[in-house]
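For reference, model-v1.txt (compact mmCIF, C-alpha atoms):
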```txt
# COMPACT_ATOMS: atom_id res chain seq x y z
CA MET A 1 -18.84 -32.67 -37.66
CA SER A 2 -18.85 -29.70 -40.00
CA PRO A 3 -19.73 -30.39 -43.62
CA PRO A 4 -16.78 -29.96 -45.98
CA GLY A 5 -16.20 -26.40 -46.95
CA GLU A 6 -18.18 -24.97 -44.06
CA GLU A 7 -16.39 -22.16 -42.44
CA HIS A 8 -15.49 -22.80 -38.87
CA THR A 9 -13.45 -20.99 -36.34
CA THR A 10 -11.76 -21.98 -33.15
CA ALA A 11 -13.43 -21.35 -29.84
CA ALA A 12 -11.03 -18.51 -29.21
CA VAL A 13 -11.82 -16.72 -32.44
CA ARG A 14 -15.57 -17.21 -32.51
CA PRO A 15 -16.47 -14.77 -29.72
CA TYR A 16 -14.72 -12.03 -31.64
CA VAL A 17 -16.85 -12.93 -34.63
CA ILE A 18 -20.00 -12.89 -32.50
CA THR A 19 -19.17 -9.43 -31.24
CA ARG A 20 -18.63 -8.38 -34.86
CA GLY A 21 -15.42 -6.70 -33.95
CA ARG A 22 -17.06 -4.51 -31.35
CA ALA A 23 -14.77 -5.68 -28.57
CA GLY A 24 -12.84 -2.68 -27.37
CA SER A 25 -14.72 -0.20 -29.50
CA SER A 26 -17.96 1.81 -29.78
CA ARG A 27 -19.82 2.44 -26.53
CA GLU A 28 -17.96 2.70 -23.28
CA ALA A 29 -17.04 -0.74 -21.99
CA LEU A 30 -18.71 -2.05 -18.86
CA PRO A 31 -16.20 -1.57 -16.06
CA LEU A 32 -14.70 -4.88 -14.92
CA GLU A 33 -16.08 -4.45 -11.40
CA THR A 34 -19.68 -3.98 -12.59
CA LEU A 35 -21.88 -6.57 -10.87
CA VAL A 36 -24.20 -8.49 -13.14
CA VAL A 37 -26.93 -11.07 -12.59
CA ALA A 38 -29.44 -12.86 -14.80
CA SER A 39 -32.82 -11.13 -14.77
CA GLY A 40 -34.64 -14.43 -14.88
CA SER A 41 -36.33 -13.65 -18.18
CA ALA A 42 -36.68 -16.62 -20.54
CA LEU A 43 -33.84 -16.81 -23.04
CA PRO A 44 -35.03 -16.93 -26.64
CA PRO A 45 -34.36 -20.30 -28.31
CA HIS A 46 -32.32 -18.71 -31.11
CA LEU A 47 -29.88 -17.02 -28.70
CA GLN A 48 -26.32 -17.77 -29.75
CA PRO A 49 -24.47 -20.18 -27.45
CA GLU A 50 -21.92 -17.59 -26.31
CA TYR A 51 -24.70 -15.38 -25.01
CA ARG A 52 -26.57 -18.30 -23.51
CA ARG A 53 -23.47 -19.51 -21.68
CA ILE A 54 -22.99 -16.12 -20.02
CA ALA A 55 -26.67 -15.64 -19.16
CA GLU A 56 -26.88 -19.11 -17.64
CA PHE A 57 -23.65 -18.62 -15.74
CA CYS A 58 -24.90 -15.43 -14.10
CA GLN A 59 -27.42 -17.11 -11.78
CA GLY A 60 -25.96 -15.09 -8.94
CA LEU A 61 -24.19 -11.75 -8.70
CA LEU A 62 -20.71 -11.64 -10.19
CA SER A 63 -18.42 -8.95 -11.52
CA VAL A 64 -17.71 -8.71 -15.23
CA ALA A 65 -14.10 -9.69 -14.42
CA GLU A 66 -15.23 -12.86 -12.66
CA VAL A 67 -17.53 -13.86 -15.51
CA ALA A 68 -14.64 -13.46 -17.95
CA ALA A 69 -12.18 -15.35 -15.74
CA HIS A 70 -14.50 -18.25 -14.99
CA LEU A 71 -15.61 -18.64 -18.60
CA ASP A 72 -12.03 -18.21 -19.76
CA GLN A 73 -13.02 -15.51 -22.22
CA PRO A 74 -11.29 -12.18 -22.89
CA PRO A 75 -13.01 -9.45 -20.85
CA ALA A 76 -13.25 -7.29 -23.96
CA VAL A 77 -15.54 -9.92 -25.49
CA VAL A 78 -17.52 -10.57 -22.31
CA GLN A 79 -18.06 -6.82 -21.87
CA VAL A 80 -19.71 -6.60 -25.29
CA LEU A 81 -21.82 -9.74 -24.90
CA LEU A 82 -22.98 -8.65 -21.44
CA ALA A 83 -23.85 -5.19 -22.71
CA ASP A 84 -26.08 -6.81 -25.36
CA LEU A 85 -27.68 -9.08 -22.77
CA ILE A 86 -28.37 -6.02 -20.61
CA ASP A 87 -29.94 -4.24 -23.60
CA TRP A 88 -32.16 -7.26 -24.21
CA GLY A 89 -33.21 -7.48 -20.58
CA HIS A 90 -31.64 -10.85 -19.82
CA ILE A 91 -29.02 -9.43 -17.48
CA VAL A 92 -29.28 -6.63 -14.95
CA ALA A 93 -26.25 -4.69 -13.83
CA ARG A 94 -25.45 -2.97 -10.57
CA PRO A 95 -23.10 -0.29 -11.74
CA PRO A 96 -19.92 0.27 -9.77
CA ILE A 97 -19.90 2.96 -7.16
CA ARG A 98 -17.70 5.59 -8.69
CA VAL A 99 -15.74 8.28 -7.01
CA ALA A 100 -16.18 11.82 -8.15
CA LYS A 101 -13.59 13.85 -6.38
CA ARG A 102 -14.53 15.79 -3.29
CA LYS A 103 -18.11 14.68 -2.96
CA ARG A 104 -19.90 13.93 0.26
CA ALA A 105 -21.12 10.60 -1.13
CA ASP A 106 -17.54 9.48 -1.67
CA LEU A 107 -16.75 10.11 1.93
CA ASP A 108 -19.63 7.89 2.96
CA LEU A 109 -18.42 5.19 0.57
CA LEU A 110 -14.84 5.40 1.81
CA ARG A 111 -16.01 5.24 5.43
CA LYS A 112 -17.99 2.11 4.60
CA VAL A 113 -14.90 0.58 3.00
CA LEU A 114 -12.80 1.56 6.01
CA ASP A 115 -15.31 0.13 8.49
CA GLY A 116 -15.56 -3.02 6.43
CA LEU A 117 -11.79 -3.48 6.31
CA GLU A 118 -11.42 -2.78 10.02
CA SER A 119 -13.98 -5.49 10.75
CA LYS A 120 -11.68 -7.95 8.93
CA LEU A 121 -8.86 -7.42 11.40
CA MET B 1 12.03 -15.00 -8.29
CA GLY B 2 12.33 -16.51 -11.73
CA LEU B 3 8.98 -18.17 -11.42
CA ARG B 4 7.35 -15.06 -10.12
CA ALA B 5 8.87 -12.95 -12.82
CA SER B 6 7.63 -15.28 -15.52
CA SER B 7 4.11 -15.55 -14.14
CA GLU B 8 2.83 -12.22 -15.30
CA ILE B 9 4.35 -12.65 -18.70
CA SER B 10 2.93 -16.08 -19.28
CA LEU B 11 -0.48 -14.99 -18.06
CA ALA B 12 -0.75 -12.60 -20.95
CA GLY B 13 -1.04 -15.66 -23.13
CA THR B 14 -4.15 -17.58 -24.01
CA ASP B 15 -4.64 -20.13 -21.29
CA GLY B 16 -5.24 -17.66 -18.52
CA THR B 17 -7.14 -19.32 -15.74
CA THR B 18 -5.28 -22.59 -15.45
CA ASP B 19 -1.81 -21.14 -15.66
CA ALA B 20 -2.75 -18.25 -13.46
CA ASP B 21 -3.99 -20.44 -10.69
CA ARG B 22 -1.01 -22.70 -10.92
CA MET B 23 1.30 -19.73 -10.86
CA THR B 24 -0.58 -18.14 -8.02
CA HIS B 25 -0.13 -21.27 -6.04
CA THR B 26 3.55 -21.46 -6.91
CA ILE B 27 4.01 -17.88 -5.89
CA HIS B 28 2.29 -18.53 -2.62
CA THR B 29 4.39 -21.51 -1.69
CA THR B 30 7.54 -19.77 -2.87
CA GLU B 31 6.94 -16.64 -0.89
CA THR B 32 5.75 -18.32 2.25
CA GLY B 33 8.67 -20.67 2.05
CA GLU B 34 6.35 -23.50 2.93
CA THR B 35 7.01 -26.97 1.75
CA ASP B 36 4.31 -28.76 -0.19
CA GLU B 37 1.13 -28.74 1.76
CA THR B 38 -0.89 -31.87 2.11
CA GLY B 39 -3.36 -32.37 -0.67
CA ASP B 40 -1.35 -30.15 -2.94
CA THR B 41 -1.89 -32.39 -5.95
CA ASP B 42 -5.63 -32.43 -5.47
CA ASP B 43 -5.52 -28.72 -5.01
CA MET B 44 -3.79 -28.23 -8.31
CA ALA B 45 -6.39 -30.36 -10.07
CA ASP B 46 -9.20 -28.33 -8.52
CA MET B 47 -7.69 -25.13 -9.75
CA ASP B 48 -8.39 -26.10 -13.32
CA ASP B 49 -12.00 -25.39 -12.53
CA THR B 50 -12.24 -22.83 -9.75
CA PRO B 51 -15.67 -23.12 -8.16
CA VAL B 52 -17.88 -20.10 -8.57
CA MET B 53 -18.66 -18.17 -5.42
CA TYR B 54 -21.40 -15.71 -6.20
CA VAL B 55 -21.50 -12.34 -4.49
CA GLN B 56 -24.13 -12.11 -1.72
CA SER B 57 -27.39 -10.89 -3.19
CA SER B 58 -27.56 -8.19 -0.51
CA VAL B 59 -24.61 -6.41 -2.14
CA ALA B 60 -25.73 -3.21 -3.82
CA GLY B 61 -22.55 -2.15 -5.54
CA ALA B 62 -18.87 -2.64 -6.11
CA ALA B 63 -15.78 -0.52 -5.71
CA LYS B 64 -12.20 -1.23 -6.72
CA ILE B 65 -8.70 -0.64 -5.51
CA LEU B 66 -5.63 -1.26 -7.63
CA VAL B 67 -2.64 -3.11 -6.26
CA VAL B 68 0.28 -2.01 -8.36
CA GLY B 69 3.95 -2.75 -8.56
CA PRO B 70 6.61 -4.55 -10.54
CA MET B 71 6.53 -8.25 -11.28
CA GLY B 72 7.37 -10.43 -8.32
CA VAL B 73 6.67 -7.75 -5.72
CA GLY B 74 3.85 -9.78 -4.17
CA LYS B 75 0.69 -8.27 -5.67
CA THR B 76 -1.02 -11.60 -6.19
CA THR B 77 0.14 -12.80 -2.79
CA LEU B 78 -1.40 -9.77 -1.09
CA ILE B 79 -4.62 -10.08 -3.07
CA GLY B 80 -4.84 -13.79 -2.22
CA THR B 81 -4.21 -13.08 1.45
CA VAL B 82 -7.14 -10.71 1.81
CA SER B 83 -9.50 -12.07 -0.84
CA GLU B 84 -12.52 -14.20 0.03
CA ILE B 85 -12.18 -15.97 -3.32
CA LYS B 86 -9.13 -17.67 -4.74
CA PRO B 87 -7.53 -14.97 -6.89
CA LEU B 88 -8.71 -15.18 -10.46
CA SER B 89 -6.85 -14.14 -13.53
CA THR B 90 -8.11 -12.32 -16.55
CA GLU B 91 -6.65 -9.79 -18.89
CA ALA B 92 -7.00 -6.14 -19.70
CA THR B 93 -6.93 -5.01 -23.28
CA MET B 94 -4.70 -2.13 -24.16
CA SER B 95 -6.47 0.92 -25.45
CA GLN B 96 -6.15 2.03 -29.07
CA ALA B 97 -3.27 4.31 -28.31
CA GLY B 98 -1.44 1.48 -26.69
CA ALA B 99 -2.13 -0.75 -29.63
CA ARG B 100 -0.65 1.80 -31.97
CA LEU B 101 2.42 2.14 -29.85
CA ASP B 102 2.76 -1.57 -29.73
CA THR B 103 2.55 -2.05 -33.49
CA LYS B 104 6.02 -0.61 -33.71
CA VAL B 105 7.22 -3.69 -31.94
CA ARG B 106 4.81 -6.25 -33.30
CA PRO B 107 3.26 -5.00 -36.50
CA THR B 108 0.96 -8.02 -36.84
CA LYS B 109 -0.82 -7.43 -33.58
CA THR B 110 -3.46 -4.78 -33.18
CA THR B 111 -4.18 -5.18 -29.49
CA THR B 112 -2.12 -6.25 -26.55
CA THR B 113 -3.38 -7.69 -23.34
CA VAL B 114 -2.07 -7.49 -19.83
CA ALA B 115 -2.59 -10.21 -17.26
CA LEU B 116 -4.69 -9.10 -14.32
CA ASP B 117 -5.03 -11.08 -11.12
CA PHE B 118 -7.88 -10.02 -8.91
CA GLY B 119 -9.66 -10.83 -5.69
CA ARG B 120 -12.76 -9.80 -3.83
CA ILE B 121 -13.79 -8.77 -0.31
CA THR B 122 -17.41 -8.33 0.75
CA LEU B 123 -17.67 -5.47 3.20
CA GLY B 124 -20.61 -5.14 5.54
CA GLY B 125 -22.92 -7.21 3.38
CA GLU B 126 -23.81 -4.39 1.01
CA LEU B 127 -20.58 -3.51 -0.70
CA VAL B 128 -17.99 -5.59 -2.47
CA LEU B 129 -14.43 -4.42 -2.97
CA TYR B 130 -12.38 -5.74 -5.88
CA LEU B 131 -8.60 -5.66 -5.80
CA PHE B 132 -6.94 -5.66 -9.20
CA GLY B 133 -3.25 -6.49 -9.41
CA THR B 134 -1.76 -4.30 -12.08
CA PRO B 135 1.74 -4.79 -13.47
CA GLY B 136 3.82 -1.68 -13.31
CA GLN B 137 6.00 -1.64 -16.37
CA GLN B 138 5.99 1.31 -18.69
CA ARG B 139 4.66 -0.70 -21.60
CA PHE B 140 1.50 -1.55 -19.65
CA LEU B 141 0.55 2.07 -19.03
CA PRO B 142 -2.19 2.20 -21.68
CA ALA B 143 -4.01 -0.66 -19.96
CA TRP B 144 -4.01 1.33 -16.74
CA LYS B 145 -6.22 4.10 -18.00
CA ASP B 146 -9.39 2.01 -18.13
CA LEU B 147 -8.55 0.17 -14.94
CA ALA B 148 -7.79 3.31 -13.00
CA ARG B 149 -11.07 4.94 -14.02
CA GLY B 150 -13.35 4.80 -11.02
CA ALA B 151 -10.77 3.24 -8.71
CA LEU B 152 -10.91 4.49 -5.13
CA GLY B 153 -7.14 4.52 -5.09
CA ALA B 154 -4.11 2.28 -5.34
CA LEU B 155 -1.75 0.46 -3.06
CA ALA B 156 1.75 0.59 -4.53
CA LEU B 157 3.81 -2.39 -3.44
CA VAL B 158 7.53 -1.92 -3.15
CA ASP B 159 10.36 -4.41 -2.76
CA THR B 160 13.28 -2.70 -1.05
CA ARG B 161 15.68 -5.08 -2.80
CA ASP B 162 14.78 -3.35 -6.06
CA LEU B 163 13.32 0.08 -5.43
CA GLU B 164 13.87 1.22 -8.98
CA ALA B 165 11.49 -1.43 -10.26
CA SER B 166 8.69 0.45 -8.50
CA PHE B 167 9.37 3.82 -10.07
CA ASP B 168 7.25 3.16 -13.16
CA ALA B 169 4.20 2.11 -11.18
CA ILE B 170 4.39 5.08 -8.82
CA GLY B 171 4.99 7.42 -11.74
CA HIS B 172 1.91 6.09 -13.55
CA LEU B 173 -0.26 6.68 -10.49
CA GLU B 174 0.96 10.25 -10.27
CA ASP B 175 0.41 10.80 -14.01
CA LEU B 176 -3.10 9.39 -13.86
CA ASP B 177 -3.88 11.30 -10.66
CA VAL B 178 -4.80 8.13 -8.77
CA PRO B 179 -4.40 8.65 -5.01
CA PHE B 180 -2.17 5.98 -3.50
CA SER B 181 -0.26 4.82 -0.52
CA VAL B 182 2.95 2.80 -0.51
CA ALA B 183 3.38 -0.56 1.17
CA VAL B 184 6.84 -2.05 1.45
CA ASN B 185 6.46 -5.80 1.15
CA ALA B 186 9.03 -7.09 3.60
CA PHE B 187 10.77 -10.11 2.15
CA PRO B 188 12.79 -12.21 4.58
CA ASP B 189 16.07 -11.08 3.05
CA SER B 190 15.05 -7.42 2.66
CA LYS B 191 17.47 -4.92 4.09
CA LEU B 192 16.07 -2.55 6.67
CA HIS B 193 15.91 1.01 5.48
CA SER B 194 14.86 4.03 7.42
CA GLU B 195 11.53 5.53 6.41
CA ASP B 196 13.26 8.75 5.43
CA ASP B 197 15.64 6.92 3.13
CA LEU B 198 12.79 5.06 1.49
CA ARG B 199 10.75 8.22 1.07
CA SER B 200 13.55 10.09 -0.55
CA ALA B 201 14.54 7.14 -2.74
CA LEU B 202 10.95 6.82 -3.96
CA ASP B 203 10.52 10.59 -4.12
CA LEU B 204 7.26 10.46 -2.17
CA LEU B 205 5.27 13.50 -1.19
CA PRO B 206 5.16 14.05 2.57
CA HIS B 207 1.46 13.17 2.85
CA THR B 208 1.76 9.85 0.99
CA PRO B 209 1.53 7.07 3.58
CA LEU B 210 4.32 4.52 3.70
CA VAL B 211 3.76 1.28 5.58
CA ILE B 212 5.71 -1.93 5.95
CA CYS B 213 3.65 -5.03 5.34
CA ASP B 214 3.98 -8.74 4.89
CA ALA B 215 1.82 -9.68 1.92
CA ARG B 216 1.55 -13.24 3.25
CA GLU B 217 -0.09 -12.05 6.46
CA HIS B 218 -3.79 -11.32 6.51
CA GLN B 219 -3.70 -8.69 9.27
CA SER B 220 -0.70 -6.97 7.81
CA SER B 221 -2.19 -6.81 4.32
CA VAL B 222 -5.57 -5.57 5.58
CA LYS B 223 -3.73 -2.89 7.57
CA ALA B 224 -1.94 -1.78 4.40
CA LEU B 225 -5.33 -1.37 2.71
CA ILE B 226 -6.63 0.48 5.76
CA SER B 227 -3.71 2.90 5.53
CA LEU B 228 -4.70 3.61 1.95
CA VAL B 229 -8.39 4.14 2.67
CA SER B 230 -7.63 6.32 5.71
CA HIS B 231 -5.39 8.40 3.46
CA LEU B 232 -8.17 8.71 0.89
CA ILE B 233 -10.57 9.93 3.58
CA GLU B 234 -8.03 12.44 4.87
CA THR B 235 -7.38 13.73 1.36
CA LEU B 236 -11.09 14.19 0.84
CA THR B 237 -11.78 15.89 4.15
CA GLU B 238 -8.77 18.16 3.96
CA ALA B 239 -9.44 19.25 0.41
CA PRO B 240 -10.56 22.86 0.08
```
This entry written out as structure tokens:
Amino acid sequence: MSPPGEEHTTAAVRPYVITRGRAGSSREALPLETLVVASGSALPPHLQPEYRRIAEFCQGLLSVAEVAAHLDQPPAVVQVLLADLIDWGHIVARPPIRVAKRKRADLDLLRKVLDGLESKL
Amino acid sequence: MGLRASSEISLAGTDGTTDADRMTHTIHTTETGETDETGDTDDMADMDDTPVMYVQSSVAGAAKILVVGPMGVGKTTLIGTVSEIKPLSTEATMSQAGARLDTKVRPTKTTTTVALDFGRITLGGELVLYLFGTPGQQRFLPAWKDLARGALGALALVDTRDLEASFDAIGHLEDLDVPFSVAVNAFPDSKLHSEDDLRSALDLLPHTPLVICDAREHQSSVKALISLVSHLIETLTEAP
């Protein structure tokens, strides 16, 4: 397929090239439990296939970890690509509910988790 | 045991999803002691392409709990027992510090990854809880830092046939200041120990909950998680 002499990389290497080595560096990585979903905005025709694949996969809510696992991509790569897609408005994120120690809000969260678990019994 | 022990190592490789699901299934059948279920072959084929189950759109946010312990202790079994999705496998990348440490061993590698099996439970239609199975060995500690950030707490699984194997995981939780409770995964050939003996062997603080569970049992595993969350609430309400 590729003309002779054209540089090509394997599927495993290419995402690292796309992220230009940003995987695991620069801004704080999206936590793996962050929920993401496509915003429904039209994807530009020139969007690279790795981005397109993620944006099209996220038709419903999924965590960053699930996107990585289903697409069989390293989370470090998916985190960077998703962060770009969020910046460009193609993906919206529902950030994880974090615990800051000894806050009232945490107690409410924990009680919700407890109630939810008890309802599974 | 051999299969279980090898699963987490092999998952760190490249072909995560397929191997992970196969291994998960193997673990399950091994630990339940069940013979091949009907449709097992079809099942295996399906696992190559786990169907996507999106989170309900009513869910407003996610929280996470770590399930930690040595290889073969039953982390993936417990996660699979309570999860609404078939446990998935992905990897965590070691932080820079970890990478530097690791270069002493493998100078050609700059990053190291750790296999992570995880599952999901939707709670009350507005919250989703992720359970991340985190291997306990010392060399995986750097990968814990990112994972532990923002975690509600951790459930430390212990196999009484090899208590020492759990020391690293429990030590990491203490070092990282992640609140936890301990669940002894009762294997059929586990010896019975008194709670006091287990507590002193594991050097647990008096307030750390210790429960016995069967990771293959839904009720039992959910109760282990409940013990953790109740402990987290108590810690929060009792804090000055």
For region 112-115 of chain A: contacts at 12 Å, all atoms listed in the file, fewer than 3 positions along chain excluded, given as a ChimeraX atom specification = /A:97,105-109,118-121 /B:61-65,121-130,152-153,222-234
Tell me which protein, DNA and RNA residues are within 10 Å of region 42-46 of chain A, counting all atoms listed in the file, leaving out same-chain ones fewer than 6 positions away, and put them as an MDAnalysis selection string. chainID A and resid 52 55:56 85 88:90
With all atoms listed in the file counted and 7 Å as the cut-off, give the residues of chain A in contact with chain B, each with its shortest interatomic distance in Å and the pair that gives it, as a Markdown table.
```
| residue | atom | partner | partner_atom | distance |
| --- | --- | --- | --- | --- |
| A:Glu33 | CA | B:Ala62 | CA | 6.2 |
| A:Thr34 | CA | B:Ala62 | CA | 6.7 |
| A:Leu35 | CA | B:Ala62 | CA | 6.9 |
| A:Gly60 | CA | B:Tyr54 | CA | 5.4 |
| A:Leu61 | CA | B:Val55 | CA | 5.0 |
| A:Leu62 | CA | B:Tyr54 | CA | 5.7 |
| A:Ala65 | CA | B:Thr90 | CA | 6.9 |
| A:Ala68 | CA | B:Thr90 | CA | 6.8 |
| A:Ala69 | CA | B:Thr90 | CA | 5.1 |
| A:Asp72 | CA | B:Thr17 | CA | 6.4 |
| A:Pro74 | CA | B:Glu91 | CA | 6.6 |
| A:Pro75 | CA | B:Glu91 | CA | 6.7 |
| A:Ala76 | CA | B:Thr93 | CA | 6.8 |
| A:Arg94 | CA | B:Gly61 | CA | 5.9 |
| A:Pro95 | CA | B:Gly61 | CA | 6.5 |
| A:Pro96 | CA | B:Ala62 | CA | 4.8 |
| A:Ile97 | CA | B:Ala63 | CA | 5.6 |
| A:Arg98 | CA | B:Gly150 | CA | 5.0 |
| A:Val99 | CA | B:Gly150 | CA | 5.8 |
| A:Arg102 | CA | B:Leu236 | CA | 5.6 |
| A:Leu107 | CA | B:Ile233 | CA | 6.4 |
| A:Leu110 | CA | B:Ile233 | CA | 6.5 |
| A:Val113 | CA | B:Leu123 | CA | 6.7 |
| A:Leu114 | CA | B:Val229 | CA | 6.1 |
| A:Gly116 | CA | B:Leu123 | CA | 4.6 |
| A:Leu117 | CA | B:Ile226 | CA | 6.5 |
| A:Leu121 | CA | B:Gln219 | CA | 5.7 |
```
Selected residue, from A:Ala93, A:Val77, A:Leu71, A:Ile86, that lies nearest to Arg53 (chain A) when counting only C-alpha atoms
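Ranking A:Ala93, A:Val77, A:Leu71, A:Ile86 by distance to Arg53 (chain A), first place goes to A:Leu71.
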note - CA of Val114 (chain B) and CA of Gln138 (chain B) are separated by 12.0 Å
For Gln73 (chain A), which residue out of A:Glu50, A:Val37, A:Gln59, A:Val92 is the nearest one, using all atoms listed in the file?
->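 Smallest separation from Gln73 (chain A) among the options: A:Glu50.
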Determine the nearest neighbour of Met71 (chain B) from the options B:Glu84, B:Ala165, B:Pro142, B:Asp175, counting all atoms listed in the file.
->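 Result for the nearest residue to Met71 (chain B): B:Ala165.
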### Query
So how far away is CA of Leu32 (chain A) from CA of Ala183 (chain B), in Å?
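Rounded to one decimal, the two atoms are 24.6 Å apart.
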**Asked** Just how far from CA of Asp159 (chain B) is CA of Glu174 (chain B), in Å to one decimal?
**Response**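 Pair CA of Glu174 (chain B) / CA of Asp159 (chain B) returns 19.0 Å.
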Q | Selection near Arg199 (chain B), 9 Å with only C-alpha atoms, sequence-local residues under 6 positions removed, as a list in words | A |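 Contacts, with the query itself left out: Leu205, Pro206 and Leu210 of chain B.
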Across B:Val68, B:Gly80, B:Ser181, B:Lys86, the smallest distance to Ala148 (chain B), with all atoms listed in the file counted, is shown by B:Val68
With N, CA and C atoms as the target, complete region 171-194 of chain B and hand it back as a short mmCIF file (atom, residue, chain, number, x, y, z; two decimals), in the frame of the given file.
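Now in part_26.cif:
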```cif
data_model
loop_
_atom_site.label_atom_id
_atom_site.label_comp_id
_atom_site.auth_asym_id
_atom_site.auth_seq_id
_atom_site.Cartn_x
_atom_site.Cartn_y
_atom_site.Cartn_z
N GLY B 171 5.08 6.34 -10.75
CA GLY B 171 4.99 7.42 -11.74
C GLY B 171 3.66 7.41 -12.49
N HIS B 172 3.19 6.20 -12.84
CA HIS B 172 1.91 6.09 -13.55
C HIS B 172 0.77 6.60 -12.68
N LEU B 173 0.82 6.25 -11.40
CA LEU B 173 -0.26 6.68 -10.49
C LEU B 173 -0.29 8.19 -10.40
N GLU B 174 0.90 8.78 -10.34
CA GLU B 174 0.96 10.25 -10.27
C GLU B 174 0.44 10.86 -11.58
N ASP B 175 0.85 10.28 -12.71
CA ASP B 175 0.41 10.80 -14.01
C ASP B 175 -1.10 10.71 -14.16
N LEU B 176 -1.67 9.61 -13.69
CA LEU B 176 -3.10 9.39 -13.86
C LEU B 176 -3.92 10.01 -12.72
N ASP B 177 -3.22 10.63 -11.77
CA ASP B 177 -3.88 11.30 -10.66
C ASP B 177 -4.70 10.32 -9.81
N VAL B 178 -4.16 9.12 -9.63
CA VAL B 178 -4.80 8.13 -8.77
C VAL B 178 -4.17 8.26 -7.39
N PRO B 179 -4.98 8.55 -6.35
CA PRO B 179 -4.40 8.65 -5.01
C PRO B 179 -3.88 7.28 -4.56
N PHE B 180 -2.76 7.28 -3.87
CA PHE B 180 -2.17 5.98 -3.50
C PHE B 180 -1.44 6.07 -2.18
N SER B 181 -1.20 4.90 -1.62
CA SER B 181 -0.26 4.82 -0.52
C SER B 181 0.73 3.70 -0.85
N VAL B 182 1.87 3.73 -0.19
CA VAL B 182 2.95 2.80 -0.51
C VAL B 182 3.06 1.76 0.60
N ALA B 183 3.16 0.50 0.21
CA ALA B 183 3.38 -0.56 1.17
C ALA B 183 4.65 -1.29 0.78
N VAL B 184 5.60 -1.31 1.69
CA VAL B 184 6.84 -2.05 1.45
C VAL B 184 6.57 -3.50 1.84
N ASN B 185 6.66 -4.37 0.86
CA ASN B 185 6.46 -5.80 1.15
C ASN B 185 7.78 -6.34 1.68
N ALA B 186 7.79 -6.67 2.96
CA ALA B 186 9.03 -7.09 3.60
C ALA B 186 9.34 -8.54 3.28
N PHE B 187 10.30 -8.75 2.43
CA PHE B 187 10.77 -10.11 2.15
C PHE B 187 11.78 -10.49 3.23
N PRO B 188 11.90 -11.80 3.49
CA PRO B 188 12.79 -12.21 4.58
C PRO B 188 14.22 -11.67 4.44
N ASP B 189 14.70 -11.55 3.21
CA ASP B 189 16.07 -11.08 3.05
C ASP B 189 16.15 -9.59 2.71
N SER B 190 15.03 -8.86 2.93
CA SER B 190 15.05 -7.42 2.66
C SER B 190 15.95 -6.72 3.68
N LYS B 191 16.68 -5.75 3.17
CA LYS B 191 17.47 -4.92 4.09
C LYS B 191 16.53 -3.94 4.78
N LEU B 192 16.88 -3.55 5.97
CA LEU B 192 16.07 -2.55 6.67
C LEU B 192 16.55 -1.16 6.25
N HIS B 193 15.60 -0.37 5.84
CA HIS B 193 15.91 1.01 5.48
C HIS B 193 15.13 1.92 6.40
N SER B 194 15.64 3.10 6.63
CA SER B 194 14.86 4.03 7.42
C SER B 194 13.75 4.58 6.53
#
```
